[in-house]
file target-v6.json (JSON, C-alpha atoms and all ligand atoms)
[["chain", "number", "residue", "atom", "x", "y", "z"],
["A", 28, "MET", "CA", 95.02, 88.33, 107.86],
["A", 29, "LYS", "CA", 98.65, 89.00, 108.84],
["A", 30, "ILE", "CA", 101.25, 86.90, 107.03],
["A", 31, "ALA", "CA", 104.97, 86.93, 107.85],
["A", 32, "VAL", "CA", 107.42, 85.89, 105.13],
["A", 33, "THR", "CA", 110.65, 84.64, 106.64],
["A", 34, "GLY", "CA", 113.02, 81.68, 106.30],
["A", 35, "GLY", "CA", 116.27, 82.05, 108.21],
["A", 36, "LYS", "CA", 119.00, 82.06, 105.58],
["A", 37, "GLY", "CA", 119.62, 85.23, 103.59],
["A", 38, "GLY", "CA", 119.32, 85.21, 99.80],
["A", 39, "VAL", "CA", 116.69, 82.47, 99.51],
["A", 40, "GLY", "CA", 114.14, 84.82, 97.91],
["A", 41, "LYS", "CA", 112.05, 86.07, 100.84],
["A", 42, "SER", "CA", 111.55, 89.54, 99.36],
["A", 43, "MET", "CA", 110.69, 88.14, 95.93],
["A", 44, "VAL", "CA", 108.07, 85.88, 97.56],
["A", 45, "ALA", "CA", 106.72, 88.66, 99.83],
["A", 46, "THR", "CA", 106.34, 91.19, 97.00],
["A", 47, "SER", "CA", 104.87, 88.61, 94.60],
["A", 48, "LEU", "CA", 102.32, 87.48, 97.20],
["A", 49, "ALA", "CA", 101.44, 91.14, 97.86],
["A", 50, "VAL", "CA", 100.88, 91.79, 94.12],
["A", 51, "GLU", "CA", 98.68, 88.72, 93.80],
["A", 52, "PHE", "CA", 96.67, 89.45, 96.98],
["A", 53, "ALA", "CA", 96.21, 93.11, 95.94],
["A", 54, "ARG", "CA", 94.32, 92.01, 92.81],
["A", 55, "ASN", "CA", 91.35, 91.10, 95.03],
["A", 56, "ASP", "CA", 91.92, 92.63, 98.47],
["A", 57, "LYS", "CA", 93.38, 95.81, 99.92],
["A", 58, "THR", "CA", 96.94, 94.88, 100.88],
["A", 59, "ILE", "CA", 99.67, 96.44, 103.01],
["A", 60, "LEU", "CA", 103.24, 95.23, 102.61],
["A", 61, "ILE", "CA", 105.59, 95.92, 105.53],
["A", 62, "ASP", "CA", 109.26, 95.81, 104.66],
["A", 63, "ALA", "CA", 110.67, 94.77, 108.03],
["A", 64, "ASP", "CA", 114.16, 93.92, 106.77],
["A", 65, "ALA", "CA", 115.29, 97.14, 108.47],
["A", 66, "GLU", "CA", 119.01, 96.69, 107.79],
["A", 67, "CYS", "CA", 118.59, 96.27, 104.01],
["A", 68, "PRO", "CA", 115.00, 97.07, 102.94],
["A", 69, "ASN", "CA", 114.51, 96.64, 99.19],
["A", 70, "ASP", "CA", 110.85, 95.80, 98.54],
["A", 71, "HIS", "CA", 110.43, 99.32, 97.11],
["A", 72, "LEU", "CA", 113.09, 98.48, 94.51],
["A", 73, "LEU", "CA", 111.39, 95.22, 93.52],
["A", 74, "LEU", "CA", 108.09, 97.10, 93.06],
["A", 75, "SER", "CA", 109.39, 100.36, 91.50],
["A", 76, "ILE", "CA", 108.12, 102.40, 94.44],
["A", 77, "LYS", "CA", 109.57, 105.85, 95.12],
["A", 78, "ARG", "CA", 109.36, 106.00, 98.92],
["A", 79, "LYS", "CA", 108.44, 109.14, 100.88],
["A", 80, "LYS", "CA", 109.60, 109.77, 104.45],
["A", 81, "TYR", "CA", 106.74, 109.25, 106.91],
["A", 82, "THR", "CA", 108.54, 109.73, 110.23],
["A", 83, "PHE", "CA", 111.78, 109.09, 112.12],
["A", 84, "VAL", "CA", 112.34, 106.31, 114.67],
["A", 85, "TYR", "CA", 113.92, 107.47, 117.93],
["A", 86, "GLN", "CA", 115.73, 105.65, 120.71],
["A", 87, "PRO", "CA", 116.22, 107.00, 124.25],
["A", 88, "ILE", "CA", 119.82, 107.80, 125.22],
["A", 89, "PRO", "CA", 121.23, 109.14, 128.50],
["A", 90, "LYS", "CA", 122.37, 112.73, 129.07],
["A", 91, "TRP", "CA", 124.71, 113.65, 131.94],
["A", 92, "ASN", "CA", 124.59, 116.63, 134.31],
["A", 93, "PHE", "CA", 128.15, 116.67, 135.68],
["A", 94, "ASN", "CA", 127.17, 119.30, 138.29],
["A", 95, "LYS", "CA", 125.32, 116.48, 140.06],
["A", 96, "CYS", "CA", 127.74, 113.61, 139.29],
["A", 97, "VAL", "CA", 129.69, 112.26, 142.30],
["A", 98, "LYS", "CA", 132.04, 110.13, 140.12],
["A", 99, "CYS", "CA", 130.94, 106.82, 141.66],
["A", 100, "GLY", "CA", 131.11, 104.81, 138.39],
["A", 101, "LYS", "CA", 127.83, 102.93, 139.00],
["A", 102, "CYS", "CA", 126.46, 103.95, 135.59],
["A", 103, "ALA", "CA", 129.44, 102.33, 133.82],
["A", 104, "ALA", "CA", 129.17, 99.20, 135.99],
["A", 105, "VAL", "CA", 125.56, 98.48, 134.94],
["A", 106, "CYS", "CA", 126.00, 99.20, 131.23],
["A", 107, "LYS", "CA", 126.09, 95.80, 129.49],
["A", 108, "GLN", "CA", 126.96, 97.48, 126.19],
["A", 109, "ASN", "CA", 130.12, 99.03, 127.63],
["A", 110, "ALA", "CA", 128.87, 102.35, 126.28],
["A", 111, "ILE", "CA", 130.12, 104.19, 129.40],
["A", 112, "VAL", "CA", 133.82, 104.43, 130.17],
["A", 113, "PHE", "CA", 134.71, 105.23, 133.78],
["A", 114, "VAL", "CA", 138.13, 106.08, 135.22],
["A", 115, "LYS", "CA", 138.44, 106.67, 138.98],
["A", 116, "ASN", "CA", 138.02, 110.34, 140.00],
["A", 117, "LYS", "CA", 136.95, 111.33, 136.46],
["A", 118, "TYR", "CA", 133.50, 111.99, 135.00],
["A", 119, "PRO", "CA", 132.12, 109.10, 132.91],
["A", 120, "ALA", "CA", 132.60, 109.22, 129.12],
["A", 121, "PHE", "CA", 129.70, 108.14, 126.88],
["A", 122, "VAL", "CA", 130.07, 106.21, 123.57],
["A", 123, "LYS", "CA", 126.74, 107.15, 121.98],
["A", 124, "ASP", "CA", 126.93, 104.83, 118.96],
["A", 125, "ILE", "CA", 126.83, 101.60, 120.98],
["A", 126, "CYS", "CA", 124.12, 102.66, 123.47],
["A", 127, "ILE", "CA", 120.91, 100.63, 123.00],
["A", 128, "GLY", "CA", 118.76, 102.90, 125.18],
["A", 129, "CYS", "CA", 118.01, 100.43, 127.99],
["A", 130, "LYS", "CA", 118.11, 103.26, 130.62],
["A", 131, "ALA", "CA", 119.85, 101.03, 133.19],
["A", 132, "CYS", "CA", 122.41, 103.80, 133.84],
["A", 133, "ILE", "CA", 119.63, 106.29, 134.62],
["A", 134, "VAL", "CA", 118.10, 103.90, 137.15],
["A", 135, "ALA", "CA", 121.50, 103.09, 138.71],
["A", 136, "CYS", "CA", 122.73, 106.68, 139.22],
["A", 137, "PRO", "CA", 122.43, 107.53, 142.95],
["A", 138, "ALA", "CA", 122.80, 111.29, 142.33],
["A", 139, "GLY", "CA", 120.10, 111.84, 139.70],
["A", 140, "ALA", "CA", 122.83, 113.06, 137.34],
["A", 141, "ILE", "CA", 121.49, 111.24, 134.26],
["A", 142, "THR", "CA", 118.28, 112.02, 132.37],
["A", 143, "ALA", "CA", 116.89, 110.66, 129.09],
["A", 144, "THR", "CA", 117.11, 112.37, 125.73],
["A", 145, "LYS", "CA", 116.77, 110.72, 122.29],
["A", 146, "LYS", "CA", 118.57, 110.07, 119.02],
["A", 147, "VAL", "CA", 117.33, 109.11, 115.54],
["A", 148, "ILE", "CA", 117.99, 105.42, 114.77],
["A", 149, "GLY", "CA", 115.86, 104.94, 111.68],
["A", 150, "THR", "CA", 113.26, 106.19, 109.23],
["A", 151, "ILE", "CA", 109.81, 104.96, 108.27],
["A", 152, "TYR", "CA", 108.90, 105.39, 104.59],
["A", 153, "THR", "CA", 105.64, 104.86, 102.69],
["A", 154, "GLY", "CA", 104.81, 104.38, 99.02],
["A", 155, "ARG", "CA", 102.31, 102.76, 96.67],
["A", 156, "ASN", "CA", 102.37, 100.77, 93.42],
["A", 157, "TYR", "CA", 100.59, 97.71, 91.96],
["A", 158, "GLY", "CA", 97.68, 98.48, 94.33],
["A", 159, "ILE", "CA", 99.94, 97.78, 97.35],
["A", 160, "ASP", "CA", 100.50, 100.22, 100.22],
["A", 161, "LEU", "CA", 104.13, 99.78, 101.28],
["A", 162, "VAL", "CA", 105.42, 100.74, 104.74],
["A", 163, "SER", "CA", 109.18, 100.38, 104.93],
["A", 164, "GLY", "CA", 111.49, 100.66, 107.96],
["A", 165, "GLU", "CA", 115.16, 101.51, 107.53],
["A", 166, "LEU", "CA", 117.83, 101.44, 110.24],
["A", 167, "LYS", "CA", 120.21, 104.42, 110.21],
["A", 168, "LEU", "CA", 123.73, 103.42, 109.15],
["A", 169, "GLY", "CA", 125.92, 102.62, 112.16],
["A", 170, "GLU", "CA", 122.97, 101.99, 114.51],
["A", 171, "LEU", "CA", 122.36, 98.60, 116.13],
["A", 172, "ALA", "CA", 118.72, 98.49, 117.24],
["A", 173, "SER", "CA", 117.07, 97.00, 114.14],
["A", 174, "GLY", "CA", 114.52, 95.20, 116.36],
["A", 175, "GLU", "CA", 113.30, 98.60, 117.59],
["A", 176, "VAL", "CA", 112.88, 99.80, 114.00],
["A", 177, "VAL", "CA", 110.89, 96.66, 113.13],
["A", 178, "ALA", "CA", 108.60, 97.15, 116.15],
["A", 179, "GLU", "CA", 108.07, 100.79, 115.09],
["A", 180, "VAL", "CA", 107.44, 100.02, 111.40],
["A", 181, "ARG", "CA", 104.74, 97.58, 112.48],
["A", 182, "LYS", "CA", 103.25, 100.18, 114.83],
["A", 183, "TYR", "CA", 103.15, 102.83, 112.09],
["A", 184, "ALA", "CA", 101.73, 100.29, 109.60],
["A", 185, "GLU", "CA", 98.80, 99.79, 112.03],
["A", 186, "GLU", "CA", 98.36, 103.59, 112.15],
["A", 187, "ILE", "CA", 98.41, 103.84, 108.33],
["A", 188, "ASN", "CA", 95.98, 100.94, 108.08],
["A", 189, "GLN", "CA", 93.36, 102.96, 109.98],
["A", 190, "ALA", "CA", 92.91, 104.85, 106.68],
["A", 191, "VAL", "CA", 93.79, 102.07, 104.20],
["A", 192, "LYS", "CA", 91.65, 99.38, 105.90],
["A", 193, "ALA", "CA", 93.66, 96.57, 104.32],
["A", 194, "LYS", "CA", 92.35, 93.04, 104.66],
["A", 195, "ILE", "CA", 95.81, 91.54, 104.06],
["A", 196, "THR", "CA", 99.08, 92.54, 105.76],
["A", 197, "ILE", "CA", 102.30, 90.92, 104.55],
["A", 198, "ILE", "CA", 105.46, 91.34, 106.62],
["A", 199, "ASP", "CA", 108.76, 90.76, 104.83],
["A", 200, "SER", "CA", 111.19, 89.87, 107.63],
["A", 201, "SER", "CA", 114.96, 90.08, 107.78],
["A", 202, "PRO", "CA", 117.10, 86.91, 107.60],
["A", 203, "GLY", "CA", 118.05, 85.08, 110.82],
["A", 204, "ILE", "CA", 116.06, 84.26, 113.94],
["A", 205, "GLY", "CA", 117.07, 87.19, 116.16],
["A", 206, "CYS", "CA", 115.22, 90.11, 117.70],
["A", 207, "PRO", "CA", 114.19, 91.78, 114.37],
["A", 208, "VAL", "CA", 112.71, 88.50, 113.09],
["A", 209, "ILE", "CA", 110.83, 87.85, 116.34],
["A", 210, "ALA", "CA", 109.45, 91.43, 116.12],
["A", 211, "SER", "CA", 108.23, 90.54, 112.59],
["A", 212, "LEU", "CA", 106.54, 87.26, 113.59],
["A", 213, "VAL", "CA", 104.74, 88.29, 116.79],
["A", 214, "GLY", "CA", 100.98, 88.71, 116.32],
["A", 215, "THR", "CA", 100.85, 87.19, 112.82],
["A", 216, "ASP", "CA", 98.33, 84.56, 111.69],
["A", 217, "TYR", "CA", 100.55, 82.62, 109.30],
["A", 218, "ILE", "CA", 104.25, 82.20, 108.53],
["A", 219, "VAL", "CA", 105.50, 81.55, 105.01],
["A", 220, "ALA", "CA", 108.93, 79.96, 105.50],
["A", 221, "VAL", "CA", 110.96, 80.40, 102.31],
["A", 222, "THR", "CA", 113.89, 78.09, 101.69],
["A", 223, "GLU", "CA", 116.03, 76.67, 98.87],
["A", 224, "PRO", "CA", 117.45, 73.17, 98.30],
["A", 225, "THR", "CA", 120.79, 73.60, 100.12],
["A", 226, "PRO", "CA", 122.01, 72.19, 103.49],
["A", 227, "SER", "CA", 122.51, 75.66, 105.00],
["A", 228, "ALA", "CA", 119.00, 76.80, 104.01],
["A", 229, "LEU", "CA", 117.47, 73.62, 105.51],
["A", 230, "HIS", "CA", 119.47, 74.13, 108.71],
["A", 231, "ASP", "CA", 118.18, 77.71, 109.06],
["A", 232, "LEU", "CA", 114.65, 76.71, 108.06],
["A", 233, "LYS", "CA", 114.52, 74.29, 111.01],
["A", 234, "ARG", "CA", 115.42, 77.14, 113.38],
["A", 235, "VAL", "CA", 112.67, 79.37, 111.96],
["A", 236, "LEU", "CA", 110.11, 76.58, 112.20],
["A", 237, "TYR", "CA", 111.12, 76.10, 115.84],
["A", 238, "LEU", "CA", 110.25, 79.77, 116.39],
["A", 239, "ALA", "CA", 106.89, 79.36, 114.60],
["A", 240, "ASP", "CA", 106.12, 76.37, 116.81],
["A", 241, "HIS", "CA", 107.20, 78.29, 119.94],
["A", 242, "PHE", "CA", 104.78, 81.13, 119.12],
["A", 243, "GLY", "CA", 102.03, 78.69, 118.04],
["A", 244, "ILE", "CA", 101.71, 80.25, 114.56],
["A", 245, "GLY", "CA", 100.60, 78.11, 111.61],
["A", 246, "CYS", "CA", 103.13, 77.90, 108.80],
["A", 247, "GLY", "CA", 103.88, 76.51, 105.35],
["A", 248, "ILE", "CA", 107.13, 76.01, 103.44],
["A", 249, "VAL", "CA", 107.91, 77.52, 100.04],
["A", 250, "ILE", "CA", 110.91, 75.96, 98.26],
["A", 251, "ASN", "CA", 112.49, 78.46, 95.90],
["A", 252, "LYS", "CA", 114.69, 77.30, 93.00],
["A", 253, "PHE", "CA", 113.54, 73.75, 93.84],
["A", 254, "ASP", "CA", 114.66, 72.34, 90.48],
["A", 255, "LEU", "CA", 118.31, 73.34, 90.97],
["A", 256, "ALA", "CA", 119.02, 70.39, 93.31],
["A", 257, "LYS", "CA", 116.27, 67.81, 93.00],
["A", 258, "ASN", "CA", 117.84, 65.31, 95.41],
["A", 259, "PHE", "CA", 118.17, 67.86, 98.17],
["A", 260, "TYR", "CA", 114.71, 69.22, 97.44],
["A", 261, "LYS", "CA", 113.40, 65.73, 98.24],
["A", 262, "LYS", "CA", 115.19, 65.92, 101.61],
["A", 263, "ILE", "CA", 113.26, 69.11, 102.42],
["A", 264, "GLU", "CA", 110.01, 67.44, 101.41],
["A", 265, "LYS", "CA", 110.83, 64.47, 103.66],
["A", 266, "PHE", "CA", 111.63, 66.79, 106.55],
["A", 267, "ALA", "CA", 108.34, 68.67, 105.96],
["A", 268, "GLU", "CA", 106.38, 65.42, 105.91],
["A", 269, "GLU", "CA", 108.01, 64.17, 109.12],
["A", 270, "SER", "CA", 107.39, 67.55, 110.79],
["A", 271, "LYS", "CA", 103.77, 67.63, 109.53],
["A", 272, "ILE", "CA", 104.33, 71.03, 107.89],
["A", 273, "ALA", "CA", 102.86, 71.56, 104.42],
["A", 274, "VAL", "CA", 105.02, 72.47, 101.42],
["A", 275, "ILE", "CA", 102.67, 75.14, 100.04],
["A", 276, "GLY", "CA", 104.78, 76.14, 97.05],
["A", 277, "LYS", "CA", 107.62, 75.13, 94.77],
["A", 278, "ILE", "CA", 109.15, 77.89, 92.67],
["A", 279, "PRO", "CA", 111.31, 76.84, 89.71],
["A", 280, "TYR", "CA", 114.57, 78.59, 88.88],
["A", 281, "ARG", "CA", 114.02, 80.85, 85.88],
["A", 282, "LYS", "CA", 116.25, 83.59, 84.51],
["A", 283, "ASP", "CA", 113.31, 85.97, 84.32],
["A", 284, "PHE", "CA", 113.35, 86.28, 88.15],
["A", 285, "VAL", "CA", 116.74, 87.94, 87.75],
["A", 286, "GLU", "CA", 115.43, 90.04, 84.87],
["A", 287, "ALA", "CA", 112.44, 91.11, 86.99],
["A", 288, "ALA", "CA", 114.77, 92.31, 89.79],
["A", 289, "ILE", "CA", 116.88, 94.25, 87.29],
["A", 290, "LYS", "CA", 113.80, 95.85, 85.71],
["A", 291, "MET", "CA", 112.31, 96.53, 89.18],
["A", 292, "ARG", "CA", 109.13, 94.67, 88.29],
["A", 293, "PRO", "CA", 107.36, 91.81, 90.15],
["A", 294, "ALA", "CA", 108.39, 88.41, 88.77],
["A", 295, "LEU", "CA", 104.78, 87.36, 88.17],
["A", 296, "GLU", "CA", 104.36, 90.32, 85.78],
["A", 297, "MET", "CA", 107.07, 88.84, 83.56],
["A", 298, "ASN", "CA", 105.72, 85.34, 83.11],
["A", 299, "PRO", "CA", 102.17, 83.92, 83.54],
["A", 300, "GLU", "CA", 103.74, 80.67, 84.79],
["A", 301, "HIS", "CA", 104.89, 82.51, 87.94],
["A", 302, "ARG", "CA", 101.42, 83.99, 88.55],
["A", 303, "GLY", "CA", 100.05, 80.42, 88.67],
["A", 304, "VAL", "CA", 102.70, 79.44, 91.26],
["A", 305, "PHE", "CA", 101.75, 82.30, 93.60],
["A", 306, "ARG", "CA", 98.01, 81.75, 93.14],
["A", 307, "LYS", "CA", 98.57, 78.16, 94.24],
["A", 308, "ILE", "CA", 100.56, 79.30, 97.32],
["A", 309, "ILE", "CA", 97.69, 81.61, 98.34],
["A", 310, "LYS", "CA", 95.16, 78.82, 97.80],
["A", 311, "GLU", "CA", 97.23, 76.43, 99.94],
["A", 312, "MET", "CA", 97.57, 79.07, 102.66],
["A", 313, "LYS", "CA", 93.82, 79.55, 102.85],
["A", 314, "SER", "CA", 93.02, 75.79, 102.86],
["B", 1, "LIG", "S1", 121.04, 103.44, 128.23],
["B", 1, "LIG", "FE1", 121.75, 101.35, 128.60],
["B", 1, "LIG", "S2", 123.13, 100.95, 126.88],
["B", 1, "LIG", "FE2", 122.85, 103.16, 126.96],
["B", 1, "LIG", "S3", 124.54, 103.92, 128.18],
["B", 1, "LIG", "FE3", 122.83, 103.59, 129.60],
["B", 1, "LIG", "S4", 123.10, 101.51, 130.40],
["B", 1, "LIG", "FE4", 124.42, 101.71, 128.57],
["B", 2, "LIG", "S1", 126.28, 106.82, 138.39],
["B", 2, "LIG", "FE1", 125.74, 108.99, 138.38],
["B", 2, "LIG", "S2", 127.04, 109.86, 139.96],
["B", 2, "LIG", "FE2", 127.91, 107.88, 139.50],
["B", 2, "LIG", "S3", 129.46, 108.29, 137.90],
["B", 2, "LIG", "FE3", 127.56, 107.81, 136.85],
["B", 2, "LIG", "S4", 126.60, 109.79, 136.48],
["B", 2, "LIG", "FE4", 128.14, 110.11, 138.04]]

call {"tool": "encode", "arguments": {"input": "target-v6.json", "output": "structure tokens", "more": "lines below"}}
Ligand code: SF4
Ligand code: SF4
result
Amino acid sequence: MKIAVTGGKGGVGKSMVATSLAVEFARNDKTILIDADAECPNDHLLLSIKRKKYTFVYQPIPKWNFNKCVKCGKCAAVCKQNAIVFVKNKYPAFVKDICIGCKACIVACPAGAITATKKVIGTIYTGRNYGIDLVSGELKLGELASGEVVAEVRKYAEEINQAVKAKITIIDSSPGIGCPVIASLVGTDYIVAVTEPTPSALHDLKRVLYLADHFGIGCGIVINKFDLAKNFYKKIEKFAEESKIAVIGKIPYRKDFVEAAIKMRPALEMNPEHRGVFRKIIKEMKS
């Protein structure tokens, strides 16, 4: 079973939920946790895992042969990223950092003056603790293609799972609803949409649930820190009821969640009350 943990707004507790679910699942089933928040992966910190480099993630980039270039400027004209600067009667100049590797310039060049080479845009790491095999993708600082890194971390997780043979895969997505999140949701069986009782979190939750509906993936809502704003929490419940989406979990605000993050330990290790909450979420997911 592949489960994506997402939610739209940042800071609502997606990683805490993803790691806690992974710890609870791993008590009975082999479990892989994919940290697909490629811009700021931190599941390894929440689980005290010392990651090891598994491989690099590459992106194609163009390379010019100015002996063949006829200075027509077509490569610059097709580049939507404005990564090629062209001045009449000069050779094109390339701004490598903003190239996204689409290869449009290579296709457009009438003189065959551009070929493809590659650059490193990220790293895939692995590690293990609490019976969980972690596969973590990290975008290189200054690079833009986090969606590519998410697609690759999922590909390598499949490769690693040939040996692990995990029954459960949990994907901890990045915030938002953009390309990296879509790359996290595609091909999953269930979406856990984590939110909190605030207007901005509800706004973003609706956008994520639209995505889940678009892809036809079953989902349930987990309301974190639900007891901090009981009136607004009721609004989320009303929305869920009207949308016919189950609220599969309500997590209370407790200081030991903060303590768990500081001590780099799963929250449900700190307090048996939390273990009960996550067991209930798993039960609801399976029902
Ligand atoms: S590969 Fe795409 S983004 Fe990169 S320079 Fe060529 S056209 Fe621009
Ligand atoms: S499209 Fe090809 S020939 Fe034209 S400027 Fe670019 S590299 Fe040179």

call {"tool": "residues_around", "arguments": {"input": "target-v6.json", "residues": "Asp199 in chain A", "least_positions_apart": "5", "cutoff": "6 Å", "atoms": "all atoms listed in the file", "output": "compact mmCIF listing (two decimals) with C-alpha atoms, keeping the file's coordinate frame"}}
result
# COMPACT_ATOMS: atom_id res chain seq x y z
CA VAL A 32 107.42 85.89 105.13
CA ALA A 45 106.72 88.66 99.83
CA ASP A 62 109.26 95.81 104.66
CA ALA A 63 110.67 94.77 108.03

call {"tool": "closest_residue", "arguments": {"input": "target-v6.json", "among": "A:Phe93, A:His71, A:Pro119, A:Val176", "to": "Ala140 in chain A", "atoms": "only C-alpha atoms"}}
result
A:Phe93

call {"tool": "residues_near_ligand", "arguments": {"input": "target-v6.json", "ligand": "ligand LIG 1 (chain B)", "cutoff": "9 Å", "atoms": "all atoms listed in the file", "output": "list in words"}}
result
Pro87, Ile88, Pro89, Cys102, Ala103, Ala104, Val105, Cys106, Lys107, Gln108, Asn109, Ala110, Ile111, Phe121, Val122, Lys123, Ile125, Cys126, Ile127, Gly128, Cys129, Lys130, Ala131, Cys132, Ile133, Val134, Ala135 and Ala143 of chain A

call {"tool": "residues_around", "arguments": {"input": "target-v6.json", "residues": "Ile59 in chain A", "least_positions_apart": "4", "cutoff": "10 Å", "atoms": "all atoms listed in the file", "output": "ChimeraX atom specification"}}
result
/A:29,49,52-53,155,158-162,184-185,187-188,191-198

call {"tool": "closest_residue", "arguments": {"input": "target-v6.json", "among": "A:Met312, A:Ala294, A:Ile204, A:Met28", "to": "Ile278 in chain A", "atoms": "only C-alpha atoms"}}
result
A:Ala294

call {"tool": "build_atoms", "arguments": {"input": "target-v6.json", "residues": "range 182-203 of chain A", "atoms": "N, CA and C atoms", "output": "mmCIF file, keeping the file's coordinate frame"}}
result
data_model
loop_
_atom_site.group_PDB
_atom_site.id
_atom_site.type_symbol
_atom_site.label_atom_id
_atom_site.label_comp_id
_atom_site.auth_asym_id
_atom_site.auth_seq_id
_atom_site.Cartn_x
_atom_site.Cartn_y
_atom_site.Cartn_z
ATOM 1 N N LYS A 182 104.167 99.244 114.140
ATOM 2 C CA LYS A 182 103.250 100.180 114.830
ATOM 3 C C LYS A 182 102.706 101.221 113.848
ATOM 4 N N TYR A 183 103.594 101.804 113.041
ATOM 5 C CA TYR A 183 103.150 102.830 112.090
ATOM 6 C C TYR A 183 102.284 102.217 110.979
ATOM 7 N N ALA A 184 102.558 100.947 110.622
ATOM 8 C CA ALA A 184 101.730 100.290 109.600
ATOM 9 C C ALA A 184 100.284 100.156 110.120
ATOM 10 N N GLU A 185 100.155 99.872 111.432
ATOM 11 C CA GLU A 185 98.800 99.790 112.030
ATOM 12 C C GLU A 185 98.130 101.162 111.936
ATOM 13 N N GLU A 186 98.887 102.211 112.208
ATOM 14 C CA GLU A 186 98.360 103.590 112.150
ATOM 15 C C GLU A 186 97.890 103.905 110.721
ATOM 16 N N ILE A 187 98.740 103.572 109.744
ATOM 17 C CA ILE A 187 98.410 103.840 108.330
ATOM 18 C C ILE A 187 97.196 103.013 107.904
ATOM 19 N N ASN A 188 97.084 101.823 108.460
ATOM 20 C CA ASN A 188 95.980 100.940 108.080
ATOM 21 C C ASN A 188 94.623 101.420 108.595
ATOM 22 N N GLN A 189 94.638 102.370 109.538
ATOM 23 C CA GLN A 189 93.360 102.960 109.980
ATOM 24 C C GLN A 189 92.663 103.606 108.784
ATOM 25 N N ALA A 190 93.481 104.200 107.876
ATOM 26 C CA ALA A 190 92.910 104.850 106.680
ATOM 27 C C ALA A 190 92.779 103.866 105.520
ATOM 28 N N VAL A 191 93.789 102.990 105.357
ATOM 29 C CA VAL A 191 93.790 102.070 104.200
ATOM 30 C C VAL A 191 92.733 100.971 104.349
ATOM 31 N N LYS A 192 92.568 100.494 105.582
ATOM 32 C CA LYS A 192 91.650 99.380 105.900
ATOM 33 C C LYS A 192 91.971 98.124 105.059
ATOM 34 N N ALA A 193 93.239 97.749 105.079
ATOM 35 C CA ALA A 193 93.660 96.570 104.320
ATOM 36 C C ALA A 193 93.172 95.298 104.987
ATOM 37 N N LYS A 194 92.780 94.349 104.142
ATOM 38 C CA LYS A 194 92.350 93.040 104.660
ATOM 39 C C LYS A 194 93.579 92.146 104.864
ATOM 40 N N ILE A 195 94.599 92.375 104.035
ATOM 41 C CA ILE A 195 95.810 91.540 104.060
ATOM 42 C C ILE A 195 97.024 92.387 104.437
ATOM 43 N N THR A 196 97.797 91.912 105.425
ATOM 44 C CA THR A 196 99.080 92.540 105.760
ATOM 45 C C THR A 196 100.168 91.486 105.565
ATOM 46 N N ILE A 197 101.167 91.832 104.749
ATOM 47 C CA ILE A 197 102.300 90.920 104.550
ATOM 48 C C ILE A 197 103.541 91.573 105.135
ATOM 49 N N ILE A 198 104.255 90.810 105.969
ATOM 50 C CA ILE A 198 105.460 91.340 106.620
ATOM 51 C C ILE A 198 106.669 90.605 106.073
ATOM 52 N N ASP A 199 107.537 91.342 105.398
ATOM 53 C CA ASP A 199 108.760 90.760 104.830
ATOM 54 C C ASP A 199 109.864 90.905 105.881
ATOM 55 N N SER A 200 110.251 89.786 106.503
ATOM 56 C CA SER A 200 111.190 89.870 107.630
ATOM 57 C C SER A 200 112.641 89.869 107.151
ATOM 58 N N SER A 201 113.530 90.174 108.085
ATOM 59 C CA SER A 201 114.960 90.080 107.780
ATOM 60 C C SER A 201 115.394 88.613 107.874
ATOM 61 N N PRO A 202 116.596 88.275 107.403
ATOM 62 C CA PRO A 202 117.100 86.910 107.600
ATOM 63 C C PRO A 202 117.396 86.672 109.089
ATOM 64 N N GLY A 203 117.666 85.411 109.440
ATOM 65 C CA GLY A 203 118.050 85.080 110.820
ATOM 66 C C GLY A 203 116.877 84.694 111.672
#
